[in-house]
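Shown here: input.cif, mmCIF, C-alpha atoms.
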```cif
data_input
loop_
_atom_site.label_atom_id
_atom_site.label_comp_id
_atom_site.auth_asym_id
_atom_site.auth_seq_id
_atom_site.Cartn_x
_atom_site.Cartn_y
_atom_site.Cartn_z
CA MET A 3 155.11 120.46 106.95
CA SER A 4 157.45 118.94 104.45
CA ILE A 5 156.93 116.10 102.02
CA TRP A 6 159.62 114.10 103.83
CA GLU A 7 157.31 113.65 106.80
CA TYR A 8 155.65 110.87 104.82
CA ALA A 9 158.94 109.01 104.89
CA ASN A 10 158.29 108.44 108.58
CA PRO A 11 156.94 104.87 108.78
CA VAL A 12 154.27 105.75 111.35
CA LYS A 13 153.00 108.68 109.31
CA PHE A 14 153.20 106.57 106.13
CA MET A 15 151.14 103.77 107.68
CA LYS A 16 148.53 106.21 108.92
CA THR A 17 148.17 108.02 105.59
CA THR A 18 148.14 104.92 103.41
CA ASP A 19 145.58 103.32 105.69
CA ARG A 20 143.17 106.00 104.53
CA ILE A 21 144.23 106.02 100.85
CA LEU A 22 144.27 102.27 100.32
CA PRO A 23 140.51 101.48 100.27
CA TRP A 24 139.91 104.39 97.88
CA SER A 25 142.58 103.34 95.43
CA VAL A 26 141.34 99.73 95.49
CA ALA A 27 137.76 100.83 94.81
CA LEU A 28 138.73 103.29 92.07
CA ALA A 29 141.01 100.74 90.43
CA ALA A 30 138.24 98.13 90.39
CA ILE A 31 135.74 100.59 88.86
CA THR A 32 138.01 102.02 86.13
CA LEU A 33 139.53 98.66 85.21
CA GLY A 34 136.13 96.98 85.16
CA ILE A 35 134.50 99.61 82.95
CA GLY A 36 137.57 100.06 80.74
CA LEU A 37 138.09 96.37 80.02
CA VAL A 38 134.41 95.54 79.48
CA TRP A 39 134.03 98.58 77.21
CA GLY A 40 137.22 97.76 75.35
CA TYR A 41 136.50 94.06 74.88
CA PHE A 42 132.79 94.08 74.14
CA PHE A 43 131.82 97.47 72.76
CA VAL A 44 134.40 98.62 70.23
CA PRO A 45 134.17 98.05 66.46
CA ALA A 46 136.75 96.12 64.43
CA ALA A 47 139.63 98.29 63.21
CA GLU A 48 140.89 98.85 59.68
CA ASN A 49 143.60 96.26 58.95
CA PHE A 50 143.54 94.87 62.49
CA GLY A 51 140.00 93.57 62.80
CA GLY A 52 139.09 92.36 66.27
CA SER A 53 142.73 91.97 67.26
CA VAL A 54 142.84 95.70 68.03
CA LYS A 55 141.40 94.76 71.42
CA VAL A 56 144.74 93.40 72.60
CA ILE A 57 145.66 97.07 72.92
CA TYR A 58 143.60 97.34 76.13
CA VAL A 59 145.95 95.04 78.00
CA HIS A 60 149.16 95.29 76.02
CA VAL A 61 149.61 99.07 76.05
CA PRO A 62 148.77 99.72 79.74
CA ALA A 63 150.91 96.76 80.85
CA ALA A 64 153.88 97.92 78.76
CA MET A 65 153.47 101.48 79.99
CA MET A 66 153.34 100.36 83.61
CA ALA A 67 156.36 98.06 83.15
CA ILE A 68 158.42 101.08 82.15
CA ASN A 69 156.89 103.55 84.60
CA ILE A 70 157.25 101.19 87.56
CA TRP A 71 160.96 100.99 86.86
CA VAL A 72 161.09 104.81 86.78
CA MET A 73 159.22 104.90 90.10
CA MET A 74 161.73 102.39 91.53
CA LEU A 75 164.56 104.56 90.24
CA VAL A 76 163.16 107.66 91.96
CA THR A 77 162.56 105.90 95.28
CA SER A 78 165.98 104.23 95.12
CA LEU A 79 167.65 107.57 94.53
CA ILE A 80 165.77 109.05 97.50
CA TRP A 81 167.04 106.14 99.59
CA LEU A 82 170.61 106.53 98.34
CA VAL A 83 170.68 110.27 98.99
CA ARG A 84 168.39 110.83 101.98
CA ARG A 85 168.33 107.30 103.46
CA HIS A 86 164.62 107.01 104.18
CA HIS A 87 163.86 103.34 104.73
CA VAL A 88 160.27 103.57 103.53
CA SER A 89 161.53 104.75 100.16
CA ALA A 90 163.81 101.73 99.73
CA LEU A 91 161.01 99.42 100.79
CA ALA A 92 158.62 100.99 98.26
CA ALA A 93 161.12 100.20 95.48
CA LYS A 94 161.44 96.63 96.75
CA ALA A 95 157.64 96.29 96.91
CA ALA A 96 157.15 97.57 93.36
CA ALA A 97 159.61 95.19 91.64
CA PRO A 98 157.47 92.02 91.47
CA ILE A 99 154.50 94.05 90.18
CA GLY A 100 156.70 95.53 87.46
CA ALA A 101 158.04 92.10 86.53
CA VAL A 102 154.51 90.76 86.10
CA MET A 103 153.52 93.80 83.99
CA THR A 104 156.56 93.23 81.76
CA LEU A 105 155.64 89.58 81.37
CA ILE A 106 152.04 90.47 80.48
CA ALA A 107 153.25 92.94 77.86
CA LEU A 108 155.67 90.38 76.39
CA ILE A 109 153.04 87.63 76.22
CA THR A 110 150.21 89.78 74.82
CA GLY A 111 152.69 91.27 72.36
CA ALA A 112 153.65 87.80 71.14
CA VAL A 113 149.99 86.77 70.82
CA TRP A 114 149.28 89.94 68.87
CA GLY A 115 152.43 89.71 66.77
CA GLN A 116 151.75 86.20 65.49
CA PRO A 117 148.66 87.05 63.37
CA MET A 118 149.55 90.69 62.62
CA TRP A 119 153.27 90.69 61.90
CA GLY A 120 153.58 86.98 61.17
CA THR A 121 155.93 86.18 64.05
CA TRP A 122 155.78 85.59 67.80
CA TRP A 123 159.10 87.24 68.43
CA ALA A 124 161.68 89.22 66.50
CA TRP A 125 164.96 90.74 67.64
CA ASP A 126 163.68 94.23 67.01
CA PRO A 127 165.36 96.95 69.15
CA ARG A 128 162.21 97.75 71.09
CA LEU A 129 161.30 94.13 71.77
CA THR A 130 164.85 93.25 72.74
CA SER A 131 165.26 96.11 75.21
CA PHE A 132 161.93 95.14 76.74
CA LEU A 133 163.12 91.58 77.24
CA ILE A 134 166.30 92.90 78.88
CA LEU A 135 164.13 95.07 81.16
CA PHE A 136 162.30 91.90 82.23
CA LEU A 137 165.62 90.23 83.03
CA PHE A 138 166.61 93.32 85.02
CA TYR A 139 163.44 92.99 87.11
CA LEU A 140 164.34 89.38 87.87
CA GLY A 141 167.92 90.33 88.72
CA TYR A 142 166.71 93.17 90.94
CA MET A 143 164.50 90.84 92.98
CA ALA A 144 167.24 88.22 93.18
CA LEU A 145 169.72 90.82 94.45
CA TRP A 146 167.34 91.91 97.20
CA SER A 147 167.04 88.37 98.50
CA ALA A 148 170.72 87.56 98.01
CA VAL A 149 172.11 90.24 100.33
CA GLU A 150 171.60 89.63 104.04
CA ASN A 151 172.02 93.16 105.41
CA PRO A 152 168.93 95.20 104.44
CA ASP A 153 170.81 98.51 104.12
CA THR A 154 173.51 97.02 101.90
CA ALA A 155 170.82 95.29 99.83
CA ALA A 156 169.01 98.61 99.39
CA ASP A 157 172.27 100.30 98.31
CA LEU A 158 173.18 97.61 95.79
CA THR A 159 169.70 97.30 94.30
CA GLY A 160 169.54 101.09 94.07
CA VAL A 161 172.63 101.09 91.86
CA LEU A 162 171.22 98.19 89.80
CA CYS A 163 168.07 100.25 89.35
CA LEU A 164 170.13 103.12 87.93
CA VAL A 165 171.76 100.80 85.38
CA GLY A 166 168.46 99.16 84.46
CA ALA A 167 166.92 102.57 83.80
CA VAL A 168 168.88 102.55 80.52
CA PHE A 169 166.66 99.74 79.25
CA ALA A 170 163.49 101.26 80.65
CA VAL A 171 164.22 104.38 78.60
CA LEU A 172 165.27 102.34 75.56
CA SER A 173 162.10 100.24 75.59
CA ARG A 174 160.11 103.44 75.32
CA TYR A 175 162.21 105.30 72.76
CA ALA A 176 164.04 102.55 70.82
CA ALA A 177 161.56 102.91 67.94
CA TYR A 178 162.75 106.52 67.56
CA PHE A 179 166.50 105.99 68.00
CA TRP A 180 166.62 103.12 65.49
CA ASN A 181 163.76 103.77 63.14
CA GLN A 182 164.22 100.63 61.06
CA GLY A 183 162.56 98.20 63.43
CA LEU A 184 159.48 96.01 63.36
CA HIS A 185 157.60 97.63 66.22
CA GLN A 186 155.85 100.88 65.30
CA GLY A 187 156.22 104.15 67.22
CA SER A 188 153.88 105.23 70.00
CA THR A 189 150.20 105.57 69.33
CA LEU A 190 149.66 107.66 72.42
CA SER A 191 151.42 110.96 72.37
CA MET A 192 150.97 114.42 73.71
CA ASP A 193 151.14 116.04 70.29
CA GLU A 194 148.08 117.30 68.49
CA GLN A 195 147.85 114.56 65.90
CA GLN A 196 145.59 111.73 66.98
CA HIS A 197 146.76 108.30 65.88
CA ILE A 198 143.89 106.47 67.41
CA ALA A 199 140.20 107.05 66.76
CA ASP A 200 138.08 108.22 69.70
CA VAL A 201 136.09 104.96 69.91
CA TYR A 202 139.32 103.16 70.86
CA TRP A 203 140.82 106.05 72.76
CA PHE A 204 138.27 106.50 75.57
CA PRO A 205 138.21 102.89 76.80
CA LEU A 206 141.99 102.87 76.50
CA LEU A 207 142.20 105.95 78.73
CA LEU A 208 140.08 104.16 81.33
CA CYS A 209 142.29 101.06 81.14
CA LEU A 210 145.42 103.19 81.54
CA ALA A 211 143.92 104.91 84.60
CA GLY A 212 142.80 101.54 85.93
CA PHE A 213 146.28 100.02 85.62
CA ILE A 214 147.83 103.04 87.35
CA LEU A 215 145.35 102.91 90.24
CA PHE A 216 145.73 99.15 90.49
CA PHE A 217 149.48 99.59 90.77
CA ILE A 218 149.12 102.30 93.43
CA ALA A 219 146.86 100.04 95.49
CA LEU A 220 149.21 97.07 95.15
CA VAL A 221 152.40 99.01 95.87
CA LEU A 222 150.91 100.64 98.99
CA LEU A 223 149.72 97.27 100.23
CA ARG A 224 153.08 95.64 99.59
CA THR A 225 155.05 98.51 101.12
CA ARG A 226 152.91 98.26 104.25
CA THR A 227 153.65 94.55 104.39
CA GLU A 228 157.37 95.22 104.05
CA ILE A 229 157.28 97.80 106.86
CA ARG A 230 155.44 95.36 109.12
CA ALA A 231 157.82 92.54 108.25
CA ARG A 232 160.73 94.76 109.18
CA ARG A 233 159.08 95.74 112.50
CA LEU A 234 158.51 92.08 113.25
CA ASN A 235 162.13 91.39 112.48
CA ALA A 236 163.26 94.14 114.85
CA LEU A 237 160.99 92.82 117.60
CA GLU A 238 162.32 89.30 117.21
CA GLN A 239 165.87 90.56 117.36
CA ARG A 240 165.14 92.50 120.56
CA GLU A 241 163.60 89.37 122.04
CA ARG A 242 166.71 87.36 121.30
CA MET A 243 168.94 90.03 122.83
CA ALA A 244 166.97 90.11 126.04
CA MET B 7 177.38 104.39 100.20
CA LYS B 8 176.75 104.60 103.92
CA SER B 9 180.20 105.91 104.80
CA LEU B 10 179.95 108.81 102.33
CA LYS B 11 178.56 112.22 103.19
CA LYS B 12 175.26 113.21 101.58
CA LYS B 13 176.83 115.70 99.21
CA ARG B 14 179.40 113.15 98.05
CA ARG B 15 176.64 110.55 97.52
CA ILE B 16 174.83 112.96 95.21
CA GLN B 17 178.06 113.62 93.31
CA VAL B 18 178.76 109.89 92.88
CA LEU B 19 175.25 109.26 91.60
CA ALA B 20 175.40 112.20 89.19
CA VAL B 21 178.71 111.03 87.72
CA ALA B 22 177.39 107.47 87.41
CA ALA B 23 174.26 108.69 85.61
CA VAL B 24 176.25 110.82 83.16
CA ALA B 25 178.66 107.94 82.47
CA LEU B 26 175.73 105.59 81.81
CA VAL B 27 174.03 108.00 79.43
CA ILE B 28 177.23 108.63 77.46
CA SER B 29 178.17 104.95 77.23
CA THR B 30 174.66 103.97 76.15
CA GLY B 31 174.65 106.70 73.53
CA MET B 32 178.03 105.62 72.16
CA ILE B 33 177.12 101.92 72.03
CA GLY B 34 173.81 102.72 70.39
CA TYR B 35 175.45 104.96 67.81
CA ALA B 36 178.31 102.58 67.02
CA MET B 37 176.07 99.54 66.65
CA ARG B 38 173.16 101.16 64.90
CA ASP B 39 173.60 99.03 61.77
CA GLY B 40 173.34 95.88 63.85
CA ILE B 41 170.50 97.18 65.98
CA ASN B 42 168.42 98.35 63.05
CA PHE B 43 166.18 95.45 62.14
CA PHE B 44 166.10 95.84 58.35
CA ARG B 45 167.66 97.70 55.41
CA ALA B 46 165.73 100.00 53.11
CA PRO B 47 165.84 99.62 49.30
CA SER B 48 167.82 102.85 48.84
CA GLN B 49 170.40 101.60 51.36
CA LEU B 50 170.87 98.52 49.15
CA ALA B 51 171.66 100.78 46.20
CA THR B 52 174.42 102.65 48.06
CA GLU B 53 175.80 99.67 50.02
CA PRO B 54 175.09 96.47 48.07
CA PRO B 55 175.01 93.27 50.16
CA LYS B 56 177.79 90.70 49.83
CA PRO B 57 176.99 87.82 47.44
CA GLY B 58 174.96 85.17 49.23
CA GLU B 59 174.49 87.35 52.34
CA THR B 60 171.21 86.83 54.21
CA PHE B 61 169.66 90.08 55.38
CA ARG B 62 166.32 91.78 56.02
CA LEU B 63 164.74 94.13 53.55
CA GLY B 64 161.99 96.51 54.65
CA GLY B 65 159.72 98.93 52.85
CA LEU B 66 156.28 99.45 51.40
CA VAL B 67 154.73 96.99 48.97
CA GLU B 68 154.41 99.06 45.81
CA LYS B 69 150.83 99.40 44.58
CA GLY B 70 150.01 97.44 41.44
CA THR B 71 153.05 95.17 41.59
CA LEU B 72 151.66 92.26 43.62
CA LYS B 73 151.38 89.19 41.34
CA ARG B 74 150.36 85.71 42.36
CA GLY B 75 152.44 83.30 40.27
CA GLU B 76 152.13 79.58 39.82
CA GLY B 77 151.49 77.65 42.99
CA GLU B 78 152.43 79.52 46.09
CA THR B 79 154.99 81.83 44.54
CA ILE B 80 154.20 85.54 44.57
CA THR B 81 156.19 88.51 43.31
CA PHE B 82 156.00 92.19 44.17
CA SER B 83 158.19 95.26 44.49
CA VAL B 84 159.32 96.93 47.70
CA THR B 85 159.95 100.64 47.71
CA ASP B 86 160.95 103.35 50.15
CA GLY B 87 160.34 106.19 47.76
CA GLY B 88 163.99 106.38 46.67
CA ALA B 89 164.60 102.93 45.21
CA THR B 90 162.64 99.81 44.34
CA VAL B 91 163.61 96.16 44.72
CA PRO B 92 161.73 93.22 43.17
CA VAL B 93 160.87 90.43 45.62
CA LYS B 94 159.99 86.77 45.14
CA PHE B 95 158.41 84.72 47.92
CA ALA B 96 156.80 81.31 48.38
CA GLY B 97 154.94 80.74 51.60
CA VAL B 98 152.28 82.03 53.95
CA LEU B 99 151.77 85.78 54.23
CA PRO B 100 150.71 87.54 57.46
CA ASP B 101 147.20 89.04 57.72
CA LEU B 102 148.36 92.63 57.38
CA PHE B 103 150.30 92.04 54.17
CA LYS B 104 148.84 93.95 51.22
CA GLU B 105 149.70 96.55 48.62
CA GLY B 106 150.61 99.90 50.11
CA GLN B 107 151.45 98.35 53.49
CA GLY B 108 154.84 97.96 55.12
CA MET B 109 156.67 94.64 55.10
CA ILE B 110 159.99 93.17 56.23
CA GLY B 111 161.45 90.14 54.45
CA THR B 112 164.41 87.92 55.30
CA GLY B 113 166.34 86.51 52.36
CA LYS B 114 169.11 86.87 49.76
CA MET B 115 169.68 88.75 46.54
CA GLU B 116 169.72 86.46 43.48
CA ASP B 117 170.28 88.16 40.09
CA GLY B 118 168.85 91.45 41.26
CA VAL B 119 165.78 89.81 42.79
CA PHE B 120 165.33 89.55 46.55
CA VAL B 121 164.31 85.96 47.28
CA ALA B 122 162.61 85.93 50.68
CA ASP B 123 162.14 82.90 52.94
CA GLU B 124 160.12 84.81 55.53
CA ILE B 125 157.86 87.83 55.32
CA LEU B 126 156.62 89.91 58.26
CA ALA B 127 154.12 92.74 58.12
CA LYS B 128 155.00 96.12 59.58
CA HIS B 129 152.18 98.43 60.52
CA ASP B 130 152.00 102.00 61.72
CA GLU B 131 150.64 103.44 64.92
CA ASN B 132 147.19 104.37 63.56
CA TYR B 133 144.01 102.71 64.69
CA MET B 134 140.77 103.61 62.89
CA PRO B 135 137.42 101.83 62.83
CA LYS B 136 136.87 99.95 59.56
CA GLU B 137 133.51 101.60 58.91
CA VAL B 138 135.01 105.07 59.25
CA VAL B 139 137.80 104.29 56.79
CA ASP B 140 135.33 102.75 54.34
CA ALA B 141 133.09 105.81 54.59
CA LEU B 142 136.00 108.17 54.05
CA LYS B 143 137.17 106.13 51.07
CA LYS B 144 133.70 106.26 49.55
CA GLN B 145 133.77 110.04 49.73
CA GLY B 146 137.28 110.01 48.29
CA VAL B 147 138.79 111.99 51.16
CA TYR B 148 140.68 109.18 52.86
CA GLU B 149 144.43 109.57 52.91
CA ALA B 150 146.46 106.59 54.03
CA PRO B 151 148.73 107.81 56.85
CA ASN B 152 151.92 106.41 55.36
CA SER B 153 151.49 107.15 51.68
#
```
Here is a file; write its structure as structure tokens.
Amino acid sequence: MSIWEYANPVKFMKTTDRILPWSVALAAITLGIGLVWGYFFVPAAENFGGSVKVIYVHVPAAMMAINIWVMMLVTSLIWLVRRHHVSALAAKAAAPIGAVMTLIALITGAVWGQPMWGTWWAWDPRLTSFLILFLFYLGYMALWSAVENPDTAADLTGVLCLVGAVFAVLSRYAAYFWNQGLHQGSTLSMDEQQHIADVYWFPLLLCLAGFILFFIALVLLRTRTEIRARRLNALEQRERMA
Amino acid sequence: MKSLKKKRRIQVLAVAAVALVISTGMIGYAMRDGINFFRAPSQLATEPPKPGETFRLGGLVEKGTLKRGEGETITFSVTDGGATVPVKFAGVLPDLFKEGQGMIGTGKMEDGVFVADEILAKHDENYMPKEVVDALKKQGVYEAPNS
């Protein structure tokens, strides 16, 4: 038994068939509870008032936007090195989800920024690198559909993914590298000091888990679709040859 | 990529990754003045802005200096602990703007006073319920995270 067995499309289909309903159900439960708790049952925050609630969409979406790119980077590297097709297809399947997450984070950030900071948008290092990450997502998807040969497309997008990883990393750490920006540092951190009071923290944890599970469900579903589309393509080609 | 052997593919990717990291680090270091969003008051003291130059000034609104003037004009001082700059502004302030909080203003220096045409609020990464903060303040044990 090795982990690479799951790169076999048949094995992948069989395994995900069992995982998929569970991840959908868990995502629905955690997201449902987390969002309802976050939007209806938390008190107003010092300085922020009710606007603190934007955190329950903004932070998970921003986190997923960055993490999805990292996931695409890992699967692209596996494709480039070991040439498992399922891996390349998983990266392709994740891109539109990541693009939507980035867009959600940008929009909720603007809506939050207008009353709190006094501006919809500023060319702050963190905001700017996040916008570039969004453009990278669009470019990544465009490159996939622009190249006819699927293997070449996977190679080229894999390299693009490596370059785009710069901005995924920058959007997370820009507030530390250039500390004179508008966006504050991270609220969630592994260190001992808690920046966020428990009443906000627990629903936020649920929302984070919900977004992760939701992504897992979507990416499995989309990867399965990609595998089936490719099988269909192969069948059609065989038909034409015959 | 297809024509290369597996070992060579790994080598190419490793070199590409290292090159990317180094180039990003060098660009980020070289352009840090442009990438940084604002200047702090003590930076103004060491590197004064050119006459008439528009720039952003960031720091904390010093406690006890906020004065509402005639009409819409307000004045206050911005500090970063090292230096203090007086600021004049006429316009609408964001919700988070108050004494002891962070702010970033865009404007010019005129006779030693920073005349801002736009003011943004900068907050920190702390989220506390209002009632808890009020209770702590009442007991006199509340410490503002950035003071």
With the PyMOL selection byres ((chain A) within 10 of (chain B)) as the selection, what would be picked from this file? Answer as number ranges by chain, please. A: 44-51, 54, 79, 82-85, 115-121, 124-128, 130, 153-154, 157-158, 161, 164-165, 167-169, 172, 176-177, 179-190, 196-203
Using C-alpha atoms, can you export the residues from the last selection as a PDB file, keeping the file's coordinate frame?
```
ATOM      1  CA  VAL A  44     134.400  98.620  70.230  1.00  0.00           C
ATOM      2  CA  PRO A  45     134.170  98.050  66.460  1.00  0.00           C
ATOM      3  CA  ALA A  46     136.750  96.120  64.430  1.00  0.00           C
ATOM      4  CA  ALA A  47     139.630  98.290  63.210  1.00  0.00           C
ATOM      5  CA  GLU A  48     140.890  98.850  59.680  1.00  0.00           C
ATOM      6  CA  ASN A  49     143.600  96.260  58.950  1.00  0.00           C
ATOM      7  CA  PHE A  50     143.540  94.870  62.490  1.00  0.00           C
ATOM      8  CA  GLY A  51     140.000  93.570  62.800  1.00  0.00           C
ATOM      9  CA  VAL A  54     142.840  95.700  68.030  1.00  0.00           C
ATOM     10  CA  LEU A  79     167.650 107.570  94.530  1.00  0.00           C
ATOM     11  CA  LEU A  82     170.610 106.530  98.340  1.00  0.00           C
ATOM     12  CA  VAL A  83     170.680 110.270  98.990  1.00  0.00           C
ATOM     13  CA  ARG A  84     168.390 110.830 101.980  1.00  0.00           C
ATOM     14  CA  ARG A  85     168.330 107.300 103.460  1.00  0.00           C
ATOM     15  CA  GLY A 115     152.430  89.710  66.770  1.00  0.00           C
ATOM     16  CA  GLN A 116     151.750  86.200  65.490  1.00  0.00           C
ATOM     17  CA  PRO A 117     148.660  87.050  63.370  1.00  0.00           C
ATOM     18  CA  MET A 118     149.550  90.690  62.620  1.00  0.00           C
ATOM     19  CA  TRP A 119     153.270  90.690  61.900  1.00  0.00           C
ATOM     20  CA  GLY A 120     153.580  86.980  61.170  1.00  0.00           C
ATOM     21  CA  THR A 121     155.930  86.180  64.050  1.00  0.00           C
ATOM     22  CA  ALA A 124     161.680  89.220  66.500  1.00  0.00           C
ATOM     23  CA  TRP A 125     164.960  90.740  67.640  1.00  0.00           C
ATOM     24  CA  ASP A 126     163.680  94.230  67.010  1.00  0.00           C
ATOM     25  CA  PRO A 127     165.360  96.950  69.150  1.00  0.00           C
ATOM     26  CA  ARG A 128     162.210  97.750  71.090  1.00  0.00           C
ATOM     27  CA  THR A 130     164.850  93.250  72.740  1.00  0.00           C
ATOM     28  CA  ASP A 153     170.810  98.510 104.120  1.00  0.00           C
ATOM     29  CA  THR A 154     173.510  97.020 101.900  1.00  0.00           C
ATOM     30  CA  ASP A 157     172.270 100.300  98.310  1.00  0.00           C
ATOM     31  CA  LEU A 158     173.180  97.610  95.790  1.00  0.00           C
ATOM     32  CA  VAL A 161     172.630 101.090  91.860  1.00  0.00           C
ATOM     33  CA  LEU A 164     170.130 103.120  87.930  1.00  0.00           C
ATOM     34  CA  VAL A 165     171.760 100.800  85.380  1.00  0.00           C
ATOM     35  CA  ALA A 167     166.920 102.570  83.800  1.00  0.00           C
ATOM     36  CA  VAL A 168     168.880 102.550  80.520  1.00  0.00           C
ATOM     37  CA  PHE A 169     166.660  99.740  79.250  1.00  0.00           C
ATOM     38  CA  LEU A 172     165.270 102.340  75.560  1.00  0.00           C
ATOM     39  CA  ALA A 176     164.040 102.550  70.820  1.00  0.00           C
ATOM     40  CA  ALA A 177     161.560 102.910  67.940  1.00  0.00           C
ATOM     41  CA  PHE A 179     166.500 105.990  68.000  1.00  0.00           C
ATOM     42  CA  TRP A 180     166.620 103.120  65.490  1.00  0.00           C
ATOM     43  CA  ASN A 181     163.760 103.770  63.140  1.00  0.00           C
ATOM     44  CA  GLN A 182     164.220 100.630  61.060  1.00  0.00           C
ATOM     45  CA  GLY A 183     162.560  98.200  63.430  1.00  0.00           C
ATOM     46  CA  LEU A 184     159.480  96.010  63.360  1.00  0.00           C
ATOM     47  CA  HIS A 185     157.600  97.630  66.220  1.00  0.00           C
ATOM     48  CA  GLN A 186     155.850 100.880  65.300  1.00  0.00           C
ATOM     49  CA  GLY A 187     156.220 104.150  67.220  1.00  0.00           C
ATOM     50  CA  SER A 188     153.880 105.230  70.000  1.00  0.00           C
ATOM     51  CA  THR A 189     150.200 105.570  69.330  1.00  0.00           C
ATOM     52  CA  LEU A 190     149.660 107.660  72.420  1.00  0.00           C
ATOM     53  CA  GLN A 196     145.590 111.730  66.980  1.00  0.00           C
ATOM     54  CA  HIS A 197     146.760 108.300  65.880  1.00  0.00           C
ATOM     55  CA  ILE A 198     143.890 106.470  67.410  1.00  0.00           C
ATOM     56  CA  ALA A 199     140.200 107.050  66.760  1.00  0.00           C
ATOM     57  CA  ASP A 200     138.080 108.220  69.700  1.00  0.00           C
ATOM     58  CA  VAL A 201     136.090 104.960  69.910  1.00  0.00           C
ATOM     59  CA  TYR A 202     139.320 103.160  70.860  1.00  0.00           C
ATOM     60  CA  TRP A 203     140.820 106.050  72.760  1.00  0.00           C
TER      61      TRP A 203
END
```
Specify as a ChimeraX atom specification each residue included when the PyMOL selection byres ((chain A and resi 74) around 10) is applied to this file. /A:69-73,75-80,89-97,100,159-160,163-164,167
Residues within 10 Å of B:Lys56, please, as a ChimeraX atom specification. Count all atoms listed in the file; anything in the same chain fewer than 5 positions from it doesn't count. /B:61,114-115
Grab the atom CA of A:Ser4 to atom CA of A:Leu222 distance for me, in Å with one decimal place. 20.2 Å
Explicit residues for the PyMOL selection byres ((chain B and resi 84-88) around 12) (as an MDAnalysis selection string): (chainID A and resid 182) or (chainID B and resid 45:52 63:72 81:83 89:94 104:111 119:120 122 125 152:153)
Mind pulling up the distance from atom CA of A:Gly111 to atom CA of A:Phe132? 10.9 Å
Please report the interatomic distance between atom CA of A:Trp122 and atom CA of A:Gly34 in Å with one decimal. 28.6 Å
Env of A:Leu33: 12 Å cut, atoms = all atoms listed in the file, seq-sep filter 6 positions within chain, self excluded. Answer as a VMD selection string. chain A and resid 25 to 27 39 to 41 58 to 59 62 205 to 217
Test item: residues at most 7 Å from stretch 6-16 of chain A, all atoms listed in the file, excluding those fewer than 4 positions along its chain, as an MDAnalysis selection string: chainID A and resid 20 86 88:89 226
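For the choices A:Leu133, A:Ala107, A:Ile99, A:Val221, the atom-to-atom distance to A:Gly166 is smallest for A:Leu133 when using all atoms listed in the file.
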